[in-house]
file protein_7.cif (mmCIF, C-alpha atoms)
data_start
loop_
_atom_site.label_atom_id
_atom_site.label_comp_id
_atom_site.auth_asym_id
_atom_site.auth_seq_id
_atom_site.Cartn_x
_atom_site.Cartn_y
_atom_site.Cartn_z
CA GLY A 1 0.00 0.00 0.00
CA ILE A 2 0.86 3.66 -0.08
CA GLN A 3 3.04 5.09 2.69
CA VAL A 4 1.75 8.33 4.18
CA GLU A 5 3.99 10.38 6.44
CA GLN A 6 2.84 13.43 8.34
CA SER A 7 4.91 16.06 10.08
CA PRO A 8 5.30 17.32 12.67
CA PRO A 9 3.81 14.60 14.89
CA ASP A 10 3.04 17.14 17.62
CA LEU A 11 2.54 20.88 17.53
CA ILE A 12 1.81 23.36 20.30
CA LEU A 13 0.66 26.84 19.34
CA GLN A 14 -0.41 29.97 21.09
CA GLU A 15 -3.85 31.16 20.05
CA GLY A 16 -3.57 33.44 17.03
CA ALA A 17 -0.47 31.78 15.59
CA ASN A 18 -0.23 30.26 12.13
CA SER A 19 0.92 26.75 11.28
CA THR A 20 1.71 24.46 8.37
CA LEU A 21 1.17 20.71 8.47
CA ARG A 22 2.78 18.47 5.90
CA CYS A 23 1.77 15.16 4.30
CA ASN A 24 4.15 13.17 2.11
CA PHE A 25 3.00 10.12 0.19
CA SER A 26 4.87 7.41 -1.63
CA ASP A 27 2.87 6.87 -4.83
CA SER A 28 0.67 8.62 -7.36
CA VAL A 29 -2.77 9.37 -5.97
CA ASN A 30 -6.06 10.62 -7.30
CA ASN A 31 -7.68 11.01 -3.92
CA LEU A 32 -6.29 13.05 -1.04
CA GLN A 33 -8.29 14.30 1.88
CA TRP A 34 -7.58 16.12 5.12
CA PHE A 35 -9.52 15.32 8.27
CA HIS A 36 -9.73 16.80 11.73
CA GLN A 37 -10.38 14.57 14.73
CA ASN A 38 -11.57 16.66 17.65
CA PRO A 39 -10.68 15.86 21.27
CA TRP A 40 -13.94 13.88 21.58
CA GLY A 41 -12.96 11.60 18.72
CA GLN A 42 -15.27 12.91 16.02
CA LEU A 43 -13.75 12.92 12.52
CA ILE A 44 -14.60 15.77 10.18
CA ASN A 45 -13.65 15.99 6.54
CA LEU A 46 -11.86 19.28 5.82
CA PHE A 47 -10.73 19.09 2.20
CA TYR A 48 -10.80 16.84 -0.81
CA ILE A 49 -7.69 18.01 -2.62
CA PRO A 50 -5.85 15.60 -4.96
CA SER A 51 -4.15 18.61 -6.58
CA GLY A 52 -4.18 22.38 -6.49
CA THR A 53 -5.19 24.74 -3.70
CA LYS A 54 -8.41 25.21 -1.75
CA GLN A 55 -9.41 27.54 1.03
CA ASN A 56 -12.14 27.35 3.62
CA GLY A 57 -12.11 30.21 6.09
CA ARG A 58 -8.91 30.12 8.14
CA LEU A 59 -7.89 26.78 6.63
CA SER A 60 -6.33 26.21 3.28
CA ALA A 61 -4.64 23.26 1.63
CA THR A 62 -2.28 22.76 -1.27
CA THR A 63 -1.35 19.51 -2.96
CA VAL A 64 1.58 19.18 -5.37
CA ALA A 65 0.80 15.79 -6.82
CA THR A 66 3.91 15.60 -9.01
CA GLU A 67 6.11 16.00 -5.92
CA ARG A 68 3.86 13.82 -3.74
CA TYR A 69 3.08 16.13 -0.89
CA SER A 70 0.26 18.17 0.54
CA LEU A 71 0.21 21.04 3.00
CA LEU A 72 -2.51 22.18 5.36
CA TYR A 73 -2.33 25.78 6.56
CA ILE A 74 -4.08 26.98 9.67
CA SER A 75 -4.11 30.73 10.16
CA SER A 76 -5.03 32.67 13.30
CA SER A 77 -5.42 29.42 15.24
CA GLN A 78 -8.12 29.05 17.85
CA THR A 79 -8.44 26.65 20.76
CA THR A 80 -11.20 24.87 18.85
CA ASP A 81 -8.60 23.92 16.22
CA SER A 82 -7.02 21.53 18.73
CA GLY A 83 -7.12 17.85 17.91
CA VAL A 84 -5.45 15.55 15.43
CA TYR A 85 -5.17 16.32 11.73
CA PHE A 86 -5.00 13.37 9.36
CA CYS A 87 -4.06 13.18 5.74
CA ALA A 88 -5.47 10.24 3.78
CA VAL A 89 -4.79 9.15 0.21
CA GLY A 90 -6.16 6.76 -2.36
CA ALA A 91 -3.92 5.35 -5.06
CA GLN A 92 -4.50 5.92 -8.74
CA TYR A 93 -4.53 2.17 -9.30
CA ASN A 94 -7.22 1.61 -6.63
CA PHE A 95 -8.68 4.80 -5.22
CA ASN A 96 -11.21 2.85 -3.15
CA LYS A 97 -8.42 1.83 -0.78
CA PHE A 98 -7.74 4.74 1.47
CA TYR A 99 -4.53 5.08 3.53
CA PHE A 100 -4.21 7.40 6.50
CA GLY A 101 -1.10 8.99 7.93
CA SER A 102 -0.47 8.81 11.66
CA GLY A 103 -1.55 12.41 12.13
CA THR A 104 -0.36 15.70 13.58
CA LYS A 105 -1.59 16.38 17.10
CA LEU A 106 -2.25 20.10 17.51
CA ASN A 107 -2.70 21.80 20.85
CA VAL A 108 -3.70 25.46 20.71
CA LYS A 109 -3.26 27.22 24.03
CA PRO A 110 -5.29 30.28 25.00
CA ASN B 1 -30.96 13.35 11.40
CA ALA B 2 -28.87 12.57 8.35
CA GLY B 3 -25.57 10.89 8.98
CA VAL B 4 -23.80 7.69 9.86
CA THR B 5 -25.01 5.83 12.92
CA GLN B 6 -22.84 3.29 14.69
CA THR B 7 -23.96 0.98 17.45
CA PRO B 8 -22.96 0.15 20.09
CA LYS B 9 -20.76 3.02 21.29
CA PHE B 10 -18.92 0.82 23.78
CA GLN B 11 -18.49 -2.94 24.02
CA VAL B 12 -16.46 -5.35 26.12
CA LEU B 13 -15.99 -8.87 24.80
CA LYS B 14 -14.28 -11.94 26.10
CA THR B 15 -11.70 -13.65 23.93
CA GLY B 16 -13.41 -15.99 21.51
CA GLN B 17 -16.80 -14.29 21.58
CA SER B 18 -18.41 -13.06 18.39
CA MET B 19 -20.29 -9.87 17.75
CA THR B 20 -21.49 -7.52 15.05
CA LEU B 21 -20.81 -3.81 14.92
CA GLN B 22 -23.64 -2.01 13.21
CA CYS B 23 -23.34 0.86 10.75
CA ALA B 24 -26.23 2.58 9.02
CA GLN B 25 -26.43 5.68 6.85
CA ASP B 26 -29.46 7.53 5.52
CA MET B 27 -27.76 9.60 2.80
CA ASN B 28 -28.09 7.00 0.04
CA HIS B 29 -24.31 6.77 -0.18
CA GLU B 30 -22.93 4.00 -2.35
CA TYR B 31 -19.50 3.83 -0.73
CA MET B 32 -19.10 2.60 2.84
CA SER B 33 -16.05 1.49 4.77
CA TRP B 34 -14.81 0.31 8.14
CA TYR B 35 -11.64 1.49 9.86
CA ARG B 36 -9.91 0.74 13.11
CA GLN B 37 -7.91 3.30 15.05
CA ASP B 38 -5.29 2.23 17.55
CA PRO B 39 -3.63 4.60 20.06
CA GLY B 40 -1.27 7.08 18.44
CA MET B 41 -2.02 5.81 14.97
CA GLY B 42 -4.06 6.82 12.01
CA LEU B 43 -7.02 4.87 10.75
CA ARG B 44 -6.50 1.60 8.94
CA LEU B 45 -9.00 0.31 6.40
CA ILE B 46 -10.57 -3.06 7.27
CA HIS B 47 -13.19 -3.59 4.53
CA TYR B 48 -15.07 -1.42 2.12
CA SER B 49 -18.07 -1.60 -0.18
CA VAL B 50 -18.82 0.31 -3.37
CA GLY B 51 -22.48 -0.68 -3.41
CA ALA B 52 -25.01 -3.26 -2.27
CA GLY B 53 -23.65 -6.76 -2.84
CA ILE B 54 -20.07 -5.60 -3.44
CA THR B 55 -17.39 -5.73 -0.77
CA ASP B 56 -13.61 -5.92 -0.77
CA GLN B 57 -10.74 -6.17 1.65
CA GLY B 58 -8.78 -3.25 2.96
CA GLU B 59 -5.42 -3.06 4.66
CA VAL B 60 -6.19 -5.17 7.76
CA PRO B 61 -9.10 -7.55 6.94
CA ASN B 62 -8.07 -10.63 8.94
CA GLY B 63 -10.52 -11.57 11.67
CA TYR B 64 -13.36 -9.49 10.25
CA ASN B 65 -16.24 -10.23 7.90
CA VAL B 66 -18.63 -7.87 6.15
CA SER B 67 -21.64 -8.02 3.89
CA ARG B 68 -23.72 -5.35 2.17
CA SER B 69 -27.27 -6.48 1.53
CA THR B 70 -28.72 -2.95 1.41
CA THR B 71 -27.39 0.47 0.52
CA GLU B 72 -28.06 1.71 4.06
CA ASP B 73 -26.35 -0.94 6.20
CA PHE B 74 -22.79 -2.22 6.40
CA PRO B 75 -22.27 -4.44 9.47
CA LEU B 76 -18.83 -5.59 10.60
CA ARG B 77 -18.61 -9.05 12.17
CA LEU B 78 -15.93 -10.32 14.52
CA LEU B 79 -16.16 -14.11 14.41
CA SER B 80 -13.82 -14.92 17.31
CA ALA B 81 -12.62 -11.84 19.16
CA ALA B 82 -8.97 -11.52 20.12
CA PRO B 83 -7.24 -8.97 22.39
CA SER B 84 -5.47 -7.61 19.30
CA GLN B 85 -8.87 -6.42 18.07
CA THR B 86 -9.18 -4.00 20.96
CA SER B 87 -9.56 -0.69 19.16
CA VAL B 88 -11.89 2.11 18.19
CA TYR B 89 -13.86 1.27 15.07
CA PHE B 90 -15.16 3.88 12.68
CA CYS B 91 -17.62 3.48 9.85
CA ALA B 92 -17.66 6.00 7.01
CA SER B 93 -19.74 6.64 3.94
CA SER B 94 -19.59 8.85 0.88
CA SER B 95 -21.51 9.27 -2.32
CA ASP B 96 -18.28 8.64 -4.16
CA SER B 97 -15.04 7.37 -2.62
CA LEU B 98 -13.26 10.31 -4.22
CA TYR B 99 -15.18 12.87 -2.22
CA GLY B 100 -15.86 13.91 1.31
CA TYR B 101 -16.47 11.24 3.84
CA THR B 102 -18.99 11.26 6.66
CA PHE B 103 -17.82 9.33 9.69
CA GLY B 104 -19.82 7.72 12.44
CA SER B 105 -19.00 8.53 16.05
CA GLY B 106 -17.12 5.28 16.58
CA THR B 107 -17.39 2.09 18.62
CA ARG B 108 -14.85 1.54 21.40
CA LEU B 109 -14.25 -2.21 21.63
CA THR B 110 -12.26 -3.92 24.37
CA VAL B 111 -11.45 -7.62 24.17
CA VAL B 112 -10.33 -9.18 27.44
#

call {"tool": "encode", "arguments": {"input": "protein_7.cif", "output": "structure tokens"}}
result
Amino acid sequence: GIQVEQSPPDLILQEGANSTLRCNFSDSVNNLQWFHQNPWGQLINLFYIPSGTKQNGRLSATTVATERYSLLYISSSQTTDSGVYFCAVGAQYNFNKFYFGSGTKLNVKP
Amino acid sequence: NAGVTQTPKFQVLKTGQSMTLQCAQDMNHEYMSWYRQDPGMGLRLIHYSVGAGITDQGEVPNGYNVSRSTTEDFPLRLLSAAPSQTSVYFCASSSDSLYGYTFGSGTRLTVV
């Protein structure tokens, strides 16, 4: 299967700071999504972004498929942004099989 | 309310027992999948289905069975529970596996 590596594994921010989370993957993909898991365990889909750039409020994401990485930007962080951010990919040869990275745990302090 | 419903939320099993984790969605999604999440790790795909009557194995299928007789339901069966199956299980659905997923709230399973 595809290897998905996320960095950094842990991140502590002061409220209002900006951050960049990275996702590297080992093969060509046609499906890449970012998820947020809140401290209560609920998983929320943030972006479907196999290539290009998207923005949603304070969050934006960029995927450079040819170089096999994706970035998630969080601007003006808030305590409600805390949780774990996962990148997940589906291979071009079988996009129904979805592989998750091990996540970046974000703690935003007030 | 629209969404993915998982039951039960918590379960304790003894080694060797069997049980079925239920997953139902009311969004008419064709694609459904089961994941397990172990401490400090991402989610790993167990089984998935692209429509009623069609299922396939994911990354970690051993010890689990699935079937998809209706669009709405996708149960996950543990035939003989083992301590290694202690985990949090998530069910997800989407109208198309390429697009946004909706996850259930999870089932926390402990096998003793």

call {"tool": "atom_distance", "arguments": {"input": "protein_7.cif", "atom1": "CA of Val88 in chain B", "atom2": "CA of Gln37 in chain A"}}
result
13.0 Å

call {"tool": "interface_residues", "arguments": {"input": "protein_7.cif", "of": "chain A", "to": "chain B", "cutoff": "6 Å", "atoms": "all atoms listed in the file", "output": "list in words"}}
result
Asn31, Gln42, Asn96, Phe100, Gly101 and Ser102 of chain A

call {"tool": "resolve_selection", "arguments": {"input": "protein_7.cif", "expression": "the PyMOL selection byres ((chain B and resi 10) around 12)", "output": "short mmCIF file (atom, residue, chain, number, x, y, z; two decimals) with C-alpha atoms, in the coordinates of the input"}}
result
data_model
loop_
_atom_site.label_atom_id
_atom_site.label_comp_id
_atom_site.auth_asym_id
_atom_site.auth_seq_id
_atom_site.Cartn_x
_atom_site.Cartn_y
_atom_site.Cartn_z
CA GLN B 6 -22.84 3.29 14.69
CA THR B 7 -23.96 0.98 17.45
CA PRO B 8 -22.96 0.15 20.09
CA LYS B 9 -20.76 3.02 21.29
CA GLN B 11 -18.49 -2.94 24.02
CA VAL B 12 -16.46 -5.35 26.12
CA LEU B 13 -15.99 -8.87 24.80
CA LEU B 21 -20.81 -3.81 14.92
CA GLN B 22 -23.64 -2.01 13.21
CA THR B 86 -9.18 -4.00 20.96
CA SER B 87 -9.56 -0.69 19.16
CA VAL B 88 -11.89 2.11 18.19
CA TYR B 89 -13.86 1.27 15.07
CA SER B 105 -19.00 8.53 16.05
CA GLY B 106 -17.12 5.28 16.58
CA THR B 107 -17.39 2.09 18.62
CA ARG B 108 -14.85 1.54 21.40
CA LEU B 109 -14.25 -2.21 21.63
CA THR B 110 -12.26 -3.92 24.37
CA VAL B 111 -11.45 -7.62 24.17
#

call {"tool": "residues_near_point", "arguments": {"input": "protein_7.cif", "point": "(4.6, 20.1, 1.3)", "cutoff": "9 Å", "atoms": "all atoms listed in the file", "output": "list in words"}}
result
Thr20, Leu21, Arg22, Cys23, Asn24, Thr62, Thr63, Val64, Glu67, Arg68, Tyr69, Ser70, Leu71 and Leu72 of chain A

call {"tool": "residues_around", "arguments": {"input": "protein_7.cif", "residues": "Lys109 in chain A", "least_positions_apart": "3", "cutoff": "7 Å", "atoms": "all atoms listed in the file", "output": "JSON, numbers by chain"}}
result
{"A": [13, 14, 15, 79]}

call {"tool": "resolve_selection", "arguments": {"input": "protein_7.cif", "expression": "the PyMOL selection byres ((chain B and resi 73) around 6)", "output": "compact mmCIF listing (two decimals) with C-alpha atoms, in the coordinates of the input"}}
result
# COMPACT_ATOMS: atom_id res chain seq x y z
CA CYS B 23 -23.34 0.86 10.75
CA ALA B 24 -26.23 2.58 9.02
CA THR B 70 -28.72 -2.95 1.41
CA THR B 71 -27.39 0.47 0.52
CA GLU B 72 -28.06 1.71 4.06
CA PHE B 74 -22.79 -2.22 6.40

call {"tool": "closest_residue", "arguments": {"input": "protein_7.cif", "among": "B:Pro61, B:Pro75, B:Gly3, B:Gly16", "to": "Ser94 in chain B", "atoms": "only C-alpha atoms"}}
result
B:Gly3

call {"tool": "axis_aligned_box", "arguments": {"input": "protein_7.cif", "around": "range 61-64 of chain B", "padding_each_side": "8 Å", "output": "JSON"}}
result
{"center_x": -10.7, "center_y": -9.6, "center_z": 9.3, "size_x": 21.3, "size_y": 20.0, "size_z": 20.7}

call {"tool": "residues_around", "arguments": {"input": "protein_7.cif", "residues": "Ala2 in chain B", "least_positions_apart": "5", "cutoff": "8 Å", "atoms": "all atoms listed in the file", "output": "tab-separated table (two decimals) with C-alpha atoms, in the coordinates of the input"}}
result
chain	number	residue	atom	x	y	z
B	25	GLN	CA	-26.43	5.68	6.85
B	26	ASP	CA	-29.46	7.53	5.52
B	27	MET	CA	-27.76	9.60	2.80

call {"tool": "resolve_selection", "arguments": {"input": "protein_7.cif", "expression": "the PyMOL selection byres ((chain A and resi 11) around 10)", "output": "PyMOL selection string"}}
result
chain A and resi 7-10+12-13+19-21+82+84+104-108

call {"tool": "write_last_selection", "arguments": {"input": "protein_7.cif", "atoms": "C-alpha atoms", "output": "mmCIF file, in the frame of the given file"}}
result
data_model
loop_
_atom_site.group_PDB
_atom_site.id
_atom_site.type_symbol
_atom_site.label_atom_id
_atom_site.label_comp_id
_atom_site.auth_asym_id
_atom_site.auth_seq_id
_atom_site.Cartn_x
_atom_site.Cartn_y
_atom_site.Cartn_z
ATOM 1 C CA SER A 7 4.910 16.060 10.080
ATOM 2 C CA PRO A 8 5.300 17.320 12.670
ATOM 3 C CA PRO A 9 3.810 14.600 14.890
ATOM 4 C CA ASP A 10 3.040 17.140 17.620
ATOM 5 C CA ILE A 12 1.810 23.360 20.300
ATOM 6 C CA LEU A 13 0.660 26.840 19.340
ATOM 7 C CA SER A 19 0.920 26.750 11.280
ATOM 8 C CA THR A 20 1.710 24.460 8.370
ATOM 9 C CA LEU A 21 1.170 20.710 8.470
ATOM 10 C CA SER A 82 -7.020 21.530 18.730
ATOM 11 C CA VAL A 84 -5.450 15.550 15.430
ATOM 12 C CA THR A 104 -0.360 15.700 13.580
ATOM 13 C CA LYS A 105 -1.590 16.380 17.100
ATOM 14 C CA LEU A 106 -2.250 20.100 17.510
ATOM 15 C CA ASN A 107 -2.700 21.800 20.850
ATOM 16 C CA VAL A 108 -3.700 25.460 20.710
#

call {"tool": "closest_residue", "arguments": {"input": "protein_7.cif", "among": "B:Thr55, B:His29, B:Ser80, B:Cys91", "to": "Leu43 in chain A", "atoms": "only C-alpha atoms"}}
result
B:Cys91

call {"tool": "atom_distance", "arguments": {"input": "protein_7.cif", "atom1": "CA of Ala65 in chain A", "atom2": "CA of Gly52 in chain A"}}
result
8.3 Å

call {"tool": "atom_distance", "arguments": {"input": "protein_7.cif", "atom1": "CA of Thr53 in chain A", "atom2": "CA of Gly16 in chain A"}}
result
22.5 Å

call {"tool": "residues_around", "arguments": {"input": "protein_7.cif", "residues": "Ser18 in chain B", "least_positions_apart": "3", "cutoff": "9 Å", "atoms": "only C-alpha atoms", "output": "ChimeraX atom specification"}}
result
/B:13-15,77-81

call {"tool": "decode", "arguments": {"input": "protein_7.cif", "residues": "range 10-22 of chain B", "atoms": "all heavy atoms", "output": "mmCIF file, in the first residue's frame"}}
result
data_model
loop_
_atom_site.group_PDB
_atom_site.id
_atom_site.type_symbol
_atom_site.label_atom_id
_atom_site.label_comp_id
_atom_site.auth_asym_id
_atom_site.auth_seq_id
_atom_site.Cartn_x
_atom_site.Cartn_y
_atom_site.Cartn_z
ATOM 1 N N PHE B 10 -19.926 1.507 22.967
ATOM 2 C CA PHE B 10 -18.919 0.823 23.778
ATOM 3 C C PHE B 10 -19.288 -0.658 23.858
ATOM 4 O O PHE B 10 -20.469 -1.009 23.888
ATOM 5 C CB PHE B 10 -18.851 1.397 25.207
ATOM 6 C CG PHE B 10 -18.534 2.855 25.271
ATOM 7 C CD1 PHE B 10 -19.552 3.785 25.326
ATOM 8 C CD2 PHE B 10 -17.224 3.287 25.278
ATOM 9 C CE1 PHE B 10 -19.270 5.145 25.398
ATOM 10 C CE2 PHE B 10 -16.932 4.636 25.334
ATOM 11 C CZ PHE B 10 -17.954 5.573 25.389
ATOM 12 N N GLN B 11 -18.253 -1.505 23.898
ATOM 13 C CA GLN B 11 -18.495 -2.939 24.021
ATOM 14 C C GLN B 11 -17.275 -3.600 24.629
ATOM 15 O O GLN B 11 -16.145 -3.275 24.243
ATOM 16 C CB GLN B 11 -18.799 -3.558 22.656
ATOM 17 C CG GLN B 11 -19.120 -5.031 22.687
ATOM 18 C CD GLN B 11 -20.469 -5.320 23.288
ATOM 19 O OE1 GLN B 11 -21.472 -4.703 22.936
ATOM 20 N NE2 GLN B 11 -20.517 -6.260 24.214
ATOM 21 N N VAL B 12 -17.525 -4.512 25.560
ATOM 22 C CA VAL B 12 -16.462 -5.347 26.116
ATOM 23 C C VAL B 12 -16.782 -6.792 25.766
ATOM 24 O O VAL B 12 -17.897 -7.267 26.014
ATOM 25 C CB VAL B 12 -16.340 -5.183 27.647
ATOM 26 C CG1 VAL B 12 -15.238 -6.099 28.183
ATOM 27 C CG2 VAL B 12 -16.048 -3.729 28.016
ATOM 28 N N LEU B 13 -15.827 -7.474 25.187
ATOM 29 C CA LEU B 13 -15.993 -8.874 24.799
ATOM 30 C C LEU B 13 -14.946 -9.727 25.486
ATOM 31 O O LEU B 13 -13.843 -9.241 25.792
ATOM 32 C CB LEU B 13 -15.814 -9.041 23.290
ATOM 33 C CG LEU B 13 -16.889 -8.555 22.346
ATOM 34 C CD1 LEU B 13 -16.465 -8.837 20.899
ATOM 35 C CD2 LEU B 13 -18.220 -9.222 22.640
ATOM 36 N N LYS B 14 -15.278 -10.982 25.654
ATOM 37 C CA LYS B 14 -14.275 -11.938 26.098
ATOM 38 C C LYS B 14 -13.638 -12.582 24.874
ATOM 39 O O LYS B 14 -14.273 -12.720 23.815
ATOM 40 C CB LYS B 14 -14.912 -12.998 26.989
ATOM 41 C CG LYS B 14 -15.433 -12.456 28.314
ATOM 42 C CD LYS B 14 -15.994 -13.575 29.168
ATOM 43 C CE LYS B 14 -16.478 -13.023 30.503
ATOM 44 N NZ LYS B 14 -17.050 -14.084 31.379
ATOM 45 N N THR B 15 -12.394 -12.979 25.022
ATOM 46 C CA THR B 15 -11.695 -13.646 23.926
ATOM 47 C C THR B 15 -12.514 -14.831 23.433
ATOM 48 O O THR B 15 -13.001 -15.639 24.227
ATOM 49 C CB THR B 15 -10.310 -14.113 24.385
ATOM 50 O OG1 THR B 15 -9.534 -12.962 24.755
ATOM 51 C CG2 THR B 15 -9.582 -14.859 23.291
ATOM 52 N N GLY B 16 -12.679 -14.893 22.112
ATOM 53 C CA GLY B 16 -13.414 -15.986 21.507
ATOM 54 C C GLY B 16 -14.881 -15.688 21.227
ATOM 55 O O GLY B 16 -15.526 -16.407 20.453
ATOM 56 N N GLN B 17 -15.413 -14.656 21.846
ATOM 57 C CA GLN B 17 -16.802 -14.293 21.576
ATOM 58 C C GLN B 17 -16.927 -13.670 20.190
ATOM 59 O O GLN B 17 -15.955 -13.149 19.637
ATOM 60 C CB GLN B 17 -17.326 -13.316 22.636
ATOM 61 C CG GLN B 17 -17.609 -13.944 23.982
ATOM 62 C CD GLN B 17 -18.238 -12.963 24.947
ATOM 63 O OE1 GLN B 17 -17.806 -11.807 25.067
ATOM 64 N NE2 GLN B 17 -19.269 -13.409 25.649
ATOM 65 N N SER B 18 -18.139 -13.701 19.668
ATOM 66 C CA SER B 18 -18.410 -13.057 18.387
ATOM 67 C C SER B 18 -19.371 -11.902 18.606
ATOM 68 O O SER B 18 -20.112 -11.878 19.599
ATOM 69 C CB SER B 18 -19.013 -14.054 17.403
ATOM 70 O OG SER B 18 -20.262 -14.518 17.882
ATOM 71 N N MET B 19 -19.334 -10.958 17.704
ATOM 72 C CA MET B 19 -20.288 -9.867 17.754
ATOM 73 C C MET B 19 -20.301 -9.133 16.417
ATOM 74 O O MET B 19 -19.412 -9.327 15.578
ATOM 75 C CB MET B 19 -19.970 -8.878 18.872
ATOM 76 C CG MET B 19 -18.893 -7.875 18.570
ATOM 77 S SD MET B 19 -18.999 -6.429 19.644
ATOM 78 C CE MET B 19 -20.554 -5.693 19.137
ATOM 79 N N THR B 20 -21.342 -8.319 16.257
ATOM 80 C CA THR B 20 -21.488 -7.516 15.049
ATOM 81 C C THR B 20 -21.572 -6.048 15.419
ATOM 82 O O THR B 20 -22.379 -5.663 16.273
ATOM 83 C CB THR B 20 -22.751 -7.918 14.269
ATOM 84 O OG1 THR B 20 -22.648 -9.292 13.882
ATOM 85 C CG2 THR B 20 -22.915 -7.056 13.029
ATOM 86 N N LEU B 21 -20.721 -5.257 14.802
ATOM 87 C CA LEU B 21 -20.810 -3.811 14.921
ATOM 88 C C LEU B 21 -21.709 -3.307 13.802
ATOM 89 O O LEU B 21 -21.516 -3.654 12.633
ATOM 90 C CB LEU B 21 -19.425 -3.161 14.797
ATOM 91 C CG LEU B 21 -18.313 -3.675 15.717
ATOM 92 C CD1 LEU B 21 -17.064 -2.839 15.546
ATOM 93 C CD2 LEU B 21 -18.762 -3.709 17.155
ATOM 94 N N GLN B 22 -22.681 -2.481 14.193
ATOM 95 C CA GLN B 22 -23.645 -2.009 13.213
ATOM 96 C C GLN B 22 -23.265 -0.633 12.671
ATOM 97 O O GLN B 22 -22.738 0.208 13.397
ATOM 98 C CB GLN B 22 -25.044 -1.929 13.830
ATOM 99 C CG GLN B 22 -25.575 -3.235 14.378
ATOM 100 C CD GLN B 22 -25.869 -4.261 13.278
ATOM 101 O OE1 GLN B 22 -25.988 -3.925 12.092
ATOM 102 N NE2 GLN B 22 -25.982 -5.521 13.668
#
